[in-house]
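Quick look at upload07.txt (compact mmCIF, C-alpha atoms):
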# COMPACT_ATOMS: atom_id res chain seq x y z
CA MET A 1 -20.72 -110.42 62.31
CA ALA A 2 -23.23 -110.72 59.51
CA ASP A 3 -26.38 -108.57 59.50
CA PRO A 4 -29.30 -110.46 61.02
CA VAL A 5 -31.97 -112.04 58.90
CA TRP A 6 -35.13 -111.51 60.85
CA ILE A 7 -37.02 -114.71 61.73
CA ASP A 8 -40.38 -114.19 63.42
CA GLY A 9 -40.46 -115.66 66.91
CA SER A 10 -36.78 -116.53 66.78
CA THR A 11 -34.47 -113.51 66.28
CA PRO A 12 -33.90 -111.80 69.65
CA LEU A 13 -34.62 -108.04 70.10
CA ASN A 14 -31.29 -107.38 71.79
CA ALA A 15 -28.55 -104.75 71.41
CA VAL A 16 -26.44 -106.98 69.19
CA ASN A 17 -29.13 -106.95 66.52
CA MET A 18 -30.92 -103.64 67.13
CA ASN A 19 -27.73 -101.48 67.11
CA LYS A 20 -27.09 -102.55 63.54
CA LEU A 21 -30.20 -100.65 62.35
CA GLN A 22 -30.14 -96.96 61.37
CA THR A 23 -32.97 -95.00 62.90
CA ARG A 24 -35.03 -92.29 61.15
CA ASP A 25 -33.50 -89.52 63.27
CA GLU A 26 -30.13 -90.29 61.65
CA LYS A 27 -31.47 -89.16 58.26
CA THR A 28 -29.79 -86.02 56.81
CA VAL A 29 -27.59 -85.53 59.87
CA ALA A 30 -23.84 -85.91 60.31
CA ASN A 31 -22.69 -89.52 60.05
CA GLY A 32 -26.24 -90.47 59.08
CA TYR A 33 -27.76 -91.11 55.69
CA PRO A 34 -29.36 -88.88 52.97
CA SER A 35 -33.03 -88.64 52.24
CA LEU A 36 -34.65 -89.20 48.86
CA ASP A 37 -36.84 -86.68 47.08
CA SER A 38 -40.17 -87.37 45.42
CA THR A 39 -38.39 -88.80 42.38
CA GLY A 40 -36.36 -91.24 44.45
CA LYS A 41 -33.12 -89.29 44.07
CA VAL A 42 -30.79 -87.73 46.61
CA PRO A 43 -31.38 -83.95 46.68
CA GLN A 44 -28.42 -81.94 45.39
CA ALA A 45 -28.20 -80.02 48.67
CA GLN A 46 -27.19 -83.25 50.40
CA LEU A 47 -24.30 -83.91 48.01
CA PRO A 48 -20.84 -82.49 48.65
CA ILE A 49 -19.73 -79.91 46.05
CA ALA A 50 -16.56 -81.89 45.60
CA ALA A 51 -18.66 -84.64 44.13
CA LEU A 52 -19.05 -82.43 41.05
CA ASN A 53 -15.35 -82.71 40.33
CA TRP A 54 -14.68 -85.03 37.49
CA GLU A 55 -12.02 -85.54 34.94
CA ASP A 56 -11.51 -87.70 31.91
CA THR A 57 -8.30 -89.20 30.70
CA GLY A 58 -7.95 -86.93 27.66
CA VAL A 59 -5.90 -83.78 27.21
CA THR A 60 -7.20 -81.19 29.62
CA THR A 61 -8.17 -77.71 28.49
CA PRO A 62 -8.51 -74.61 30.69
CA ALA A 63 -12.04 -73.38 31.21
CA TYR A 64 -13.14 -70.63 28.81
CA SER A 65 -12.16 -67.22 30.14
CA GLY A 66 -13.23 -64.77 27.46
CA PRO A 67 -11.26 -63.47 24.50
CA SER A 68 -7.60 -64.34 24.34
CA TYR A 69 -5.16 -61.71 25.55
CA ALA A 70 -1.74 -62.02 23.98
CA THR A 71 0.93 -60.56 21.73
CA THR A 72 -0.44 -62.64 18.85
CA LEU A 73 -3.90 -63.34 17.53
CA PRO A 74 -5.40 -66.87 17.49
CA ALA A 75 -4.07 -68.93 14.59
CA SER A 76 -7.32 -70.67 13.66
CA PRO A 77 -10.17 -68.38 14.64
CA VAL A 78 -13.84 -69.06 14.06
CA ASN A 79 -16.29 -66.48 12.76
CA GLY A 80 -17.19 -63.98 15.47
CA GLN A 81 -14.30 -64.89 17.73
CA GLU A 82 -12.80 -62.01 19.67
CA ALA A 83 -9.27 -61.44 20.90
CA VAL A 84 -7.24 -58.70 22.57
CA LEU A 85 -3.86 -57.94 21.01
CA VAL A 86 -1.17 -56.26 23.11
CA ASN A 87 2.55 -55.65 22.65
CA SER A 88 3.25 -56.86 26.19
CA THR A 89 1.12 -58.76 28.67
CA THR A 90 2.83 -57.14 31.63
CA ALA A 91 3.28 -53.52 30.52
CA PRO A 92 1.24 -53.02 27.35
CA LEU A 93 1.46 -49.78 25.42
CA TYR A 94 -1.83 -50.55 23.68
CA GLN A 95 -4.77 -52.92 24.00
CA TRP A 96 -6.66 -53.62 20.76
CA ARG A 97 -9.79 -55.76 20.78
CA PHE A 98 -10.60 -57.49 17.48
CA ARG A 99 -13.50 -59.54 16.14
CA TYR A 100 -12.81 -62.12 13.44
CA ASN A 101 -15.17 -61.71 10.48
CA THR A 102 -14.86 -64.52 7.96
CA ALA A 103 -17.31 -62.67 5.69
CA ASN A 104 -14.83 -59.83 5.29
CA SER A 105 -13.86 -60.06 1.64
CA SER A 106 -10.40 -58.62 2.21
CA ALA A 107 -7.36 -60.27 3.69
CA TYR A 108 -7.93 -58.28 6.86
CA LYS A 109 -10.57 -60.26 8.72
CA TRP A 110 -9.65 -59.22 12.25
CA GLU A 111 -11.73 -56.06 12.64
CA PHE A 112 -10.90 -53.55 15.35
CA ILE A 113 -13.79 -53.06 17.78
CA GLY A 114 -12.17 -51.17 20.63
CA GLY A 115 -9.10 -50.15 22.54
CA SER A 116 -6.58 -47.45 23.20
CA HIS A 117 -4.38 -45.53 20.81
CA TYR A 118 -0.76 -46.55 20.54
CA THR A 119 1.03 -43.25 21.01
CA VAL A 120 4.69 -42.31 21.06
CA SER A 121 6.10 -38.84 21.58
CA ASN A 122 9.26 -36.77 21.65
CA PHE A 123 9.09 -33.25 22.98
CA ASN A 124 12.60 -32.17 21.89
CA ILE A 125 13.42 -33.09 18.30
CA GLY A 126 15.99 -30.45 17.37
CA THR A 127 16.80 -28.14 14.49
CA LEU A 128 16.05 -28.77 10.82
CA SER A 129 19.41 -27.83 9.35
CA THR A 130 18.75 -28.96 5.77
CA ALA A 131 16.26 -27.21 3.52
CA SER A 132 13.93 -28.79 0.96
CA THR A 133 14.64 -32.38 2.01
CA TRP A 134 12.40 -34.74 3.91
CA ILE A 135 14.06 -35.85 7.13
CA ALA A 136 12.84 -38.86 9.11
CA GLY A 137 12.97 -38.51 12.85
CA SER A 138 11.62 -39.40 16.21
CA PRO A 139 9.06 -40.38 17.32
CA GLY A 140 8.50 -43.67 15.55
CA LEU A 141 6.62 -46.92 16.01
CA VAL A 142 6.18 -50.39 14.50
CA VAL A 143 2.79 -51.82 13.58
CA PRO A 144 2.40 -55.45 14.70
CA ARG A 145 0.28 -56.99 11.93
CA THR A 146 -0.31 -56.55 8.24
CA GLY A 147 -3.40 -54.42 7.88
CA THR A 148 -5.01 -51.03 7.61
CA TYR A 149 -4.27 -48.42 10.24
CA GLN A 150 -5.23 -44.84 11.06
CA PHE A 151 -2.43 -42.51 12.07
CA GLY A 152 -2.59 -39.12 13.77
CA TYR A 153 0.38 -36.86 14.43
CA SER A 154 1.43 -33.37 15.37
CA CYS A 155 4.44 -31.22 16.21
CA CYS A 156 5.39 -27.61 16.85
CA PHE A 157 7.70 -25.67 14.52
CA THR A 158 9.53 -22.56 15.71
CA ALA A 159 10.62 -20.35 12.84
CA PRO A 160 14.10 -18.83 12.67
CA ALA A 161 14.47 -15.10 12.11
CA GLN A 162 12.55 -15.28 8.87
CA ILE A 163 9.29 -16.68 7.55
CA VAL A 164 9.40 -20.40 6.70
CA LEU A 165 7.14 -23.04 5.21
CA CYS A 166 7.28 -26.27 7.20
CA GLN A 167 5.71 -29.66 6.58
CA LEU A 168 5.03 -32.61 8.82
CA GLY A 169 4.44 -35.99 7.17
CA LEU A 170 4.43 -39.73 7.78
CA TRP A 171 7.57 -41.69 6.92
CA LEU A 172 7.51 -45.39 6.05
CA ASP A 173 10.94 -46.82 6.60
CA PRO A 174 12.96 -47.24 4.41
CA SER A 175 10.77 -46.06 1.52
CA GLY A 176 10.48 -42.44 2.58
CA GLU A 177 7.79 -39.87 3.18
CA ILE A 178 4.33 -41.07 2.17
CA ASN A 179 2.75 -38.79 -0.38
CA ASN A 180 -0.40 -36.91 0.67
CA THR A 181 0.18 -37.32 4.39
CA GLU A 182 1.49 -33.76 4.89
CA ALA A 183 0.34 -31.03 7.23
CA LEU A 184 1.69 -27.62 6.13
CA VAL A 185 2.16 -24.40 8.07
CA THR A 186 3.64 -21.06 7.07
CA ILE A 187 5.28 -19.49 10.10
CA PRO A 188 6.28 -15.83 10.48
CA ALA A 189 9.77 -15.09 11.75
CA SER A 190 10.43 -16.32 15.30
CA MET A 191 6.85 -17.50 15.76
CA VAL A 192 5.65 -20.95 16.81
CA MET A 193 2.96 -22.99 15.11
CA THR A 194 1.51 -26.44 15.50
CA ALA A 195 1.17 -28.68 12.45
CA ALA A 196 -1.36 -31.47 12.95
CA MET A 197 -2.83 -34.32 10.93
CA PRO A 198 -5.79 -35.80 12.80
CA ARG A 199 -6.24 -38.93 10.69
CA VAL A 200 -4.46 -40.65 7.80
CA GLN A 201 -5.36 -44.17 6.73
CA TYR A 202 -2.64 -46.42 5.37
CA THR A 203 -2.21 -50.14 4.72
CA ALA A 204 1.06 -51.58 5.90
CA ALA A 205 2.91 -54.85 6.25
CA ALA A 206 3.57 -56.53 9.58
CA ASN A 207 6.42 -54.92 11.51
CA ALA A 208 6.49 -51.88 9.23
CA ALA A 209 8.29 -48.99 10.91
CA PHE A 210 6.81 -45.50 10.75
CA TYR A 211 8.42 -42.23 11.75
CA MET A 212 7.65 -38.58 11.62
CA ALA A 213 8.93 -36.76 8.54
CA TYR A 214 9.96 -33.09 8.68
CA TRP A 215 10.54 -30.60 5.88
CA THR A 216 11.36 -26.90 5.65
CA ASN A 217 12.02 -24.53 2.78
CA TYR A 218 14.65 -22.70 4.79
CA ALA A 219 17.12 -24.19 7.24
CA GLY A 220 16.84 -23.30 10.87
CA PRO A 221 13.41 -24.04 12.33
CA THR A 222 13.32 -26.12 15.48
CA VAL A 223 10.88 -28.94 16.10
CA ASN A 224 9.39 -30.02 19.41
CA ARG A 225 6.28 -31.48 21.02
CA ALA A 226 5.90 -34.23 18.44
CA TRP A 227 3.60 -37.18 18.89
CA LEU A 228 2.51 -40.05 16.63
CA SER A 229 -0.53 -42.17 17.30
CA VAL A 230 -2.05 -45.19 15.59
CA VAL A 231 -5.09 -47.45 15.88
CA PRO A 232 -5.92 -50.35 13.56
CA VAL A 233 -8.94 -50.60 11.30
CA ALA A 234 -8.53 -54.25 10.35
CA VAL A 235 -5.59 -56.63 10.27
CA SER A 236 -4.77 -60.10 9.04
CA MET B 237 -23.11 -68.83 51.50
CA SER B 238 -20.20 -67.94 49.25
CA PRO B 239 -19.87 -70.20 46.24
CA THR B 240 -16.94 -72.55 46.28
CA VAL B 241 -14.74 -72.36 43.20
CA GLN B 242 -14.40 -75.77 41.62
CA THR B 243 -12.13 -76.92 38.84
CA ILE B 244 -13.73 -78.86 36.04
CA LYS B 245 -11.34 -80.49 33.64
CA PHE B 246 -12.36 -82.02 30.38
CA GLY B 247 -10.86 -83.39 27.25
CA ASP B 248 -10.80 -82.05 23.72
CA ASN B 249 -14.25 -83.37 22.94
CA LEU B 250 -17.14 -83.31 25.36
CA ALA B 251 -20.85 -82.52 25.37
CA VAL B 252 -23.25 -81.73 28.19
CA THR B 253 -26.85 -82.21 27.12
CA ASP B 254 -30.32 -81.71 28.46
CA GLU B 255 -33.66 -82.96 27.16
CA THR B 256 -33.55 -80.53 24.23
CA GLY B 257 -30.11 -81.46 23.03
CA GLY B 258 -26.67 -79.94 23.49
CA VAL B 259 -26.13 -77.28 26.11
CA ILE B 260 -22.36 -77.09 26.40
CA ARG B 261 -20.01 -78.61 23.90
CA VAL B 262 -16.26 -78.73 23.65
CA ASP B 263 -14.96 -79.30 20.19
CA ALA B 264 -11.26 -79.21 19.37
CA GLY B 265 -10.52 -77.02 22.33
CA MET B 266 -13.32 -74.48 21.73
CA LEU B 267 -16.17 -74.13 24.21
CA TRP B 268 -19.65 -73.66 22.74
CA VAL B 269 -22.72 -72.66 24.71
CA ASP B 270 -26.26 -73.00 23.38
CA ALA B 271 -27.70 -69.59 24.14
CA GLN B 272 -31.25 -70.92 23.88
CA ASP B 273 -30.67 -73.32 26.72
CA VAL B 274 -28.28 -71.37 28.91
CA GLY B 275 -28.94 -67.85 30.13
CA ILE B 276 -26.20 -65.80 28.53
CA GLY B 277 -27.54 -62.90 30.57
CA ALA B 278 -25.70 -64.44 33.46
CA TYR B 279 -22.38 -63.38 31.89
CA PRO B 280 -20.70 -61.70 34.83
CA MET B 281 -19.70 -58.32 33.38
CA SER B 282 -20.50 -55.50 35.74
CA TYR B 283 -21.92 -52.15 34.62
CA GLY B 284 -21.56 -49.48 37.23
CA THR B 285 -19.99 -46.29 38.48
CA THR B 286 -17.27 -48.27 40.20
CA LEU B 287 -15.12 -51.19 39.17
CA PRO B 288 -15.18 -54.58 40.92
CA ALA B 289 -13.19 -54.48 44.15
CA SER B 290 -11.62 -57.92 43.81
CA PRO B 291 -11.38 -58.68 40.11
CA ALA B 292 -10.03 -61.87 38.63
CA ASN B 293 -7.40 -61.83 35.91
CA GLY B 294 -9.15 -61.26 32.58
CA GLN B 295 -12.37 -60.00 34.12
CA GLU B 296 -14.10 -57.25 32.20
CA ALA B 297 -16.29 -54.41 33.43
CA ILE B 298 -18.02 -51.37 32.01
CA LEU B 299 -17.40 -48.14 33.90
CA VAL B 300 -19.92 -45.31 33.57
CA ASP B 301 -20.51 -42.06 35.42
CA SER B 302 -24.25 -42.77 35.62
CA THR B 303 -26.22 -45.92 35.01
CA THR B 304 -29.27 -43.96 33.85
CA ASN B 305 -27.72 -41.21 31.70
CA PRO B 306 -24.04 -41.92 31.23
CA ALA B 307 -21.71 -39.43 29.60
CA TYR B 308 -19.29 -42.22 28.76
CA GLN B 309 -19.03 -46.01 28.75
CA TRP B 310 -15.58 -47.49 29.16
CA ARG B 311 -15.06 -51.20 28.75
CA LEU B 312 -12.06 -52.27 30.79
CA ARG B 313 -10.25 -55.57 31.16
CA TYR B 314 -8.38 -56.43 34.35
CA ASN B 315 -4.85 -57.61 33.63
CA GLY B 316 -3.46 -59.06 36.83
CA ASN B 317 -0.08 -59.43 35.15
CA ASN B 318 0.22 -55.73 34.41
CA SER B 319 3.31 -54.64 36.30
CA THR B 320 2.02 -51.12 36.92
CA ALA B 321 -0.61 -49.86 39.34
CA TYR B 322 -3.00 -49.45 36.43
CA LYS B 323 -4.28 -52.95 35.75
CA TRP B 324 -7.68 -52.09 34.26
CA GLU B 325 -6.90 -51.72 30.56
CA PHE B 326 -9.22 -49.86 28.20
CA ILE B 327 -10.51 -52.06 25.38
CA GLY B 328 -13.42 -50.00 24.06
CA GLY B 329 -15.95 -47.28 24.56
CA THR B 330 -16.73 -43.62 24.02
CA PRO B 331 -14.54 -40.72 25.19
CA LEU B 332 -15.64 -38.37 27.92
CA THR B 333 -16.24 -35.05 26.20
CA GLY B 334 -16.70 -31.55 27.60
CA TYR B 335 -17.71 -28.50 25.57
CA SER B 336 -18.11 -24.78 26.14
CA ALA B 337 -19.29 -22.37 23.49
CA ALA B 338 -18.66 -19.30 25.66
CA GLN B 339 -16.44 -16.57 24.20
CA GLN B 340 -13.99 -15.53 26.92
CA GLY B 341 -10.94 -13.27 26.90
CA VAL B 342 -7.48 -13.42 28.45
CA SER B 343 -4.91 -10.96 29.73
CA ALA B 344 -1.66 -10.74 27.78
CA ASP B 345 0.90 -13.47 28.48
CA THR B 346 -1.17 -15.02 31.25
CA TRP B 347 -2.47 -18.55 31.30
CA THR B 348 -6.19 -18.60 32.08
CA SER B 349 -8.35 -21.60 32.85
CA PHE B 350 -11.71 -21.91 31.13
CA ALA B 351 -14.59 -24.37 30.90
CA PRO B 352 -15.17 -27.10 30.05
CA THR B 353 -13.87 -29.14 32.91
CA LEU B 354 -13.58 -32.90 33.14
CA THR B 355 -13.04 -34.96 36.28
CA THR B 356 -11.16 -38.23 36.17
CA PRO B 357 -13.17 -41.09 37.69
CA ARG B 358 -10.10 -43.19 38.50
CA ALA B 359 -6.37 -42.71 38.87
CA GLY B 360 -4.73 -43.76 35.64
CA ILE B 361 -3.21 -42.94 32.29
CA TYR B 362 -5.31 -40.92 29.90
CA ASP B 363 -5.15 -39.44 26.40
CA ILE B 364 -6.62 -35.95 26.25
CA GLU B 365 -7.52 -34.10 23.06
CA LEU B 366 -7.99 -30.35 23.23
CA ARG B 367 -9.36 -28.03 20.57
CA GLY B 368 -11.04 -24.67 20.23
CA MET B 369 -11.19 -21.40 18.35
CA ALA B 370 -9.30 -18.17 19.10
CA ARG B 371 -9.71 -14.62 17.85
CA PRO B 372 -7.15 -11.94 18.79
CA PRO B 373 -7.61 -8.18 18.25
CA GLY B 374 -4.28 -8.00 16.40
CA VAL B 375 -1.32 -10.03 15.21
CA ALA B 376 -0.80 -12.56 17.98
CA GLN B 377 0.89 -15.72 19.10
CA LEU B 378 -1.68 -18.03 20.68
CA TYR B 379 -1.43 -21.06 22.96
CA ALA B 380 -3.77 -23.64 24.37
CA SER B 381 -3.14 -26.52 26.74
CA CYS B 382 -4.71 -28.82 29.28
CA TYR B 383 -4.85 -27.20 32.68
CA THR B 384 -5.15 -28.48 36.21
CA GLY B 385 -4.79 -26.70 39.51
CA SER B 386 -2.80 -23.61 38.60
CA SER B 387 -0.65 -24.89 35.78
CA THR B 388 -0.64 -26.37 32.33
CA PHE B 389 0.27 -29.98 31.61
CA GLY B 390 0.73 -32.20 28.59
CA ASN B 391 1.10 -30.80 25.13
CA ILE B 392 0.71 -27.16 24.09
CA ALA B 393 -0.94 -26.12 20.85
CA TYR B 394 0.68 -23.11 19.19
CA THR B 395 -0.54 -20.95 16.39
CA MET B 396 -0.55 -17.35 15.31
CA VAL B 397 -2.93 -14.92 13.64
CA SER B 398 -1.70 -12.22 11.29
CA THR B 399 -4.99 -10.37 10.86
CA ALA B 400 -6.88 -8.53 13.57
CA TYR B 401 -9.95 -10.47 14.65
CA GLY B 402 -9.08 -13.37 12.40
CA PHE B 403 -10.22 -16.77 13.64
CA VAL B 404 -7.87 -19.68 14.09
CA MET B 405 -8.23 -23.19 15.48
CA LEU B 406 -5.98 -24.66 18.15
CA THR B 407 -5.70 -28.40 18.68
CA SER B 408 -3.43 -30.71 20.61
CA ILE B 409 -3.21 -34.27 21.87
CA SER B 410 -1.71 -34.99 25.26
CA ALA B 411 -1.11 -38.72 25.28
CA GLY B 412 -0.20 -40.85 28.25
CA GLN B 413 -1.00 -38.35 30.97
CA VAL B 414 -0.79 -39.80 34.48
CA LEU B 415 -3.66 -38.36 36.50
CA SER B 416 -5.02 -38.98 39.96
CA ALA B 417 -8.57 -39.92 40.83
CA ALA B 418 -11.05 -37.01 40.88
CA GLN B 419 -8.52 -34.72 39.22
CA VAL B 420 -10.21 -31.76 37.55
CA ILE B 421 -8.99 -30.89 34.06
CA SER B 422 -9.82 -27.63 32.33
CA TRP B 423 -9.00 -25.73 29.12
CA GLY B 424 -5.98 -23.42 29.40
CA ALA B 425 -5.58 -20.42 27.09
CA ASN B 426 -2.88 -17.82 26.56
CA SER B 427 -2.00 -15.06 24.09
CA ASN B 428 0.64 -12.39 23.82
CA VAL B 429 -2.12 -9.89 23.02
CA ALA B 430 -4.65 -8.85 25.64
CA ALA B 431 -8.35 -9.35 24.98
CA THR B 432 -7.79 -12.33 22.73
CA THR B 433 -10.93 -14.42 22.98
CA PHE B 434 -11.31 -18.20 22.99
CA GLU B 435 -14.52 -20.07 22.26
CA GLN B 436 -15.99 -23.38 21.03
CA ARG B 437 -13.72 -25.24 23.40
CA TYR B 438 -13.58 -29.03 23.61
CA LEU B 439 -11.84 -31.43 25.97
CA ILE B 440 -12.01 -35.10 25.00
CA MET B 441 -10.60 -37.68 27.42
CA THR B 442 -10.06 -41.41 26.85
CA PRO B 443 -8.45 -43.77 29.33
CA VAL B 444 -5.55 -46.02 28.44
CA ARG B 445 -5.28 -47.83 31.77
CA VAL B 446 -6.69 -47.08 35.22
CA SER B 447 -6.34 -48.46 38.73
Translate this file's structure into structure tokens.
Amino acid sequence: MADPVWIDGSTPLNAVNMNKLQTRDEKTVANGYPSLDSTGKVPQAQLPIAALNWEDTGVTTPAYSGPSYATTLPASPVNGQEAVLVNSTTAPLYQWRFRYNTANSSAYKWEFIGGSHYTVSNFNIGTLSTASTWIAGSPGLVVPRTGTYQFGYSCCFTAPAQIVLCQLGLWLDPSGEINNTEALVTIPASMVMTAAMPRVQYTAAANAAFYMAYWTNYAGPTVNRAWLSVVPVAVS
Amino acid sequence: MSPTVQTIKFGDNLAVTDETGGVIRVDAGMLWVDAQDVGIGAYPMSYGTTLPASPANGQEAILVDSTTNPAYQWRLRYNGNNSTAYKWEFIGGTPLTGYSAAQQGVSADTWTSFAPTLTTPRAGIYDIELRGMARPPGVAQLYASCYTGSSTFGNIAYTMVSTAYGFVMLTSISAGQVLSAAQVISWGANSNVAATTFEQRYLIMTPVRVS
């Protein structure tokens, strides 16, 4: 039945007509109608939150959730963009946070701004049975990106029954021991000494493999408690 | 009333504007926020002596031991996909460092625990650097290590001194140490010569991941 058009002196005030009107006490209550504010608009509190859902017909993009976290860095970064690089998203051995600096004049524009060391260790290396030759050995690691890194490493040498000179260095595979990365110790017979290099900076290619390098002037010392650690400075 | 999480989907190009111009803009998949129009201070990164109890994947937080005079600040990112119990991953900050200048002696061939001590704020995996000076009264083999409870753990630094009262430095890194919450770490010293003294001792602890 159509809504009534009121005609003075003609339209009856009966239930059929009056029940079609909404009364003022139905305003802002369940199954009623919303009020208007002083600007003639419905107040936000009277709108369902779901009404804020909207969607266009284009390709959808996930909402921004901070720097990316992945085993690769963003392919087309903008200046100042940050990203976290890991070797695994489920069991990472390191987490490195980078900031992309387009003003960096080198090829390494992803600058390290925080994270943990990537450390590998081997507490039982064995005996150095060859004298005066650099020997590559465990532990070792692979750097993920081309860039500049800082390495730290240490091990313990136990001398045989005579005094020995031992060296610990950094080995870039397959090139060999890197010059000027050595820590040297002279160890009296049957004594134990730690050789340590707190920080060596080196620029390497992506996926370059590094190992510890051991040297002795007399065969027979044993090596143990070795660790190798690396953090990036900047990468490409 | 708890806020209801809503999903807003948008295309590759979109702009939300107010009377001053752009507020939020999406351009080629990147989200831009005009910091002059939107309070960046509302960025929900906590700073406190505890970590958020119910973090979302990717949430970040700064953990300190004191909000008024912190000895360390550790920025951690929650990785809900981490398959271990330690899902808060360290992505920046200063190490927690302890230092004791005191010169203290040991009995021969006996591990002794000295200051400084550090206490872990959370269960997790930590890297611990140890260093200090030693001075034996004769030719000696010297050791230093991290110490907890009544035993050493992690790496041991070895060195020797061939001259009576000669100084030598000991240093070691113990990487990837699994420690419990509130675990007390101290500086362990040993020598095969009695009355060897140790001094200028440092312990430097950095988290890798925590629970």
Selected residue, from B:Ser422, B:Thr286, B:Gln436, B:Thr442, that lies nearest to chain A when counting only C-alpha atoms: B:Thr442
Long-range neighbours of B:Gly368 as a PyMOL selection string, 6 Å cut-off, only C-alpha atoms, 2 positions minimum in chain: chain B and resi 405-406+436-437
Pick from B:Gln340, B:Gln309, B:Thr303, B:Asn317 nearest to chain A, counting all atoms listed in the file: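 Checking each of B:Gln340, B:Gln309, B:Thr303, B:Asn317 against chain A, counting all atoms listed in the file, the winner is B:Asn317.
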Around stretch 280-285 of chain B, with edges along x, y and z and 6 Å added on all six sides, what centre and edge lengths do you get, in Å to one decimal, as AutoDock Vina command-line options?
--center_x -20.8 --center_y -54.0 --center_z 35.9 --size_x 14.2 --size_y 27.4 --size_z 17.1
Contacts of A:Phe123 within 12 Å, all atoms listed in the file, excl. fewer than 6 positions in-chain, as a VMD selection string: (chain A and resid 138 to 139 154 to 157 222 to 228) or (chain B and resid 390 to 392 410 to 411)
Separation of atom CA of B:Thr399 from atom CA of A:Asn217, in Å and rounded to one decimal: 23.6 Å
Residues near B:Met369, cut-off 12 Å, only C-alpha atoms, skip fewer than 6 positions along chain, as a list in words: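 Residues meeting the cut-off are Ser336, Ala337, Ala338, Gln339, Gln340, Gly341, Leu378, Tyr379, Ala380, Ala393, Thr395, Met396, Val397, Tyr401, Gly402, Phe403, Val404, Met405, Leu406, Thr407, Trp423, Ala425, Thr432, Thr433, Phe434, Glu435, Gln436, Arg437 and Tyr438 of chain B.
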Close residues, stretch 324-334 of chain B itself excluded, 6 Å, all atoms listed in the file, min 5 positions apart in chain, as number ranges by chain: A: 95, 97, 114-115; B: 308-314, 352, 438-442, 444-447
Proximity to chain B - best of A:Leu93, A:Tyr149, A:Asn104, A:Ala234, all atoms listed in the file: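 Once distances to chain B are computed over all atoms listed in the file, the minimum belongs to A:Leu93.
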Given all atoms listed in the file as the counted atoms, nearest of B:Ala351, B:Ala359, B:Ile364, B:Ala307 to chain A: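 Of all the options, B:Ile364 lies closest to chain A.
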Spatial neighbours of A:Val185, max dist 8 Å, all atoms listed in the file, sep filter under 6 positions, as a PDB file with C-alpha atoms, keeping the file's coordinate frame:
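Output below, filename selection.pdb:
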ATOM      1  CA  LEU A 165       7.140 -23.040   5.210  1.00  0.00           C
ATOM      2  CA  CYS A 166       7.280 -26.270   7.200  1.00  0.00           C
ATOM      3  CA  GLN A 167       5.710 -29.660   6.580  1.00  0.00           C
ATOM      4  CA  MET A 193       2.960 -22.990  15.110  1.00  0.00           C
ATOM      5  CA  THR A 194       1.510 -26.440  15.500  1.00  0.00           C
ATOM      6  CA  ALA A 195       1.170 -28.680  12.450  1.00  0.00           C
TER       7      ALA A 195
END
From A:Thr158, A:Thr216, A:Thr39, A:Ser106, residue lying nearest B:Tyr394 [all atoms listed in the file]: A:Thr158
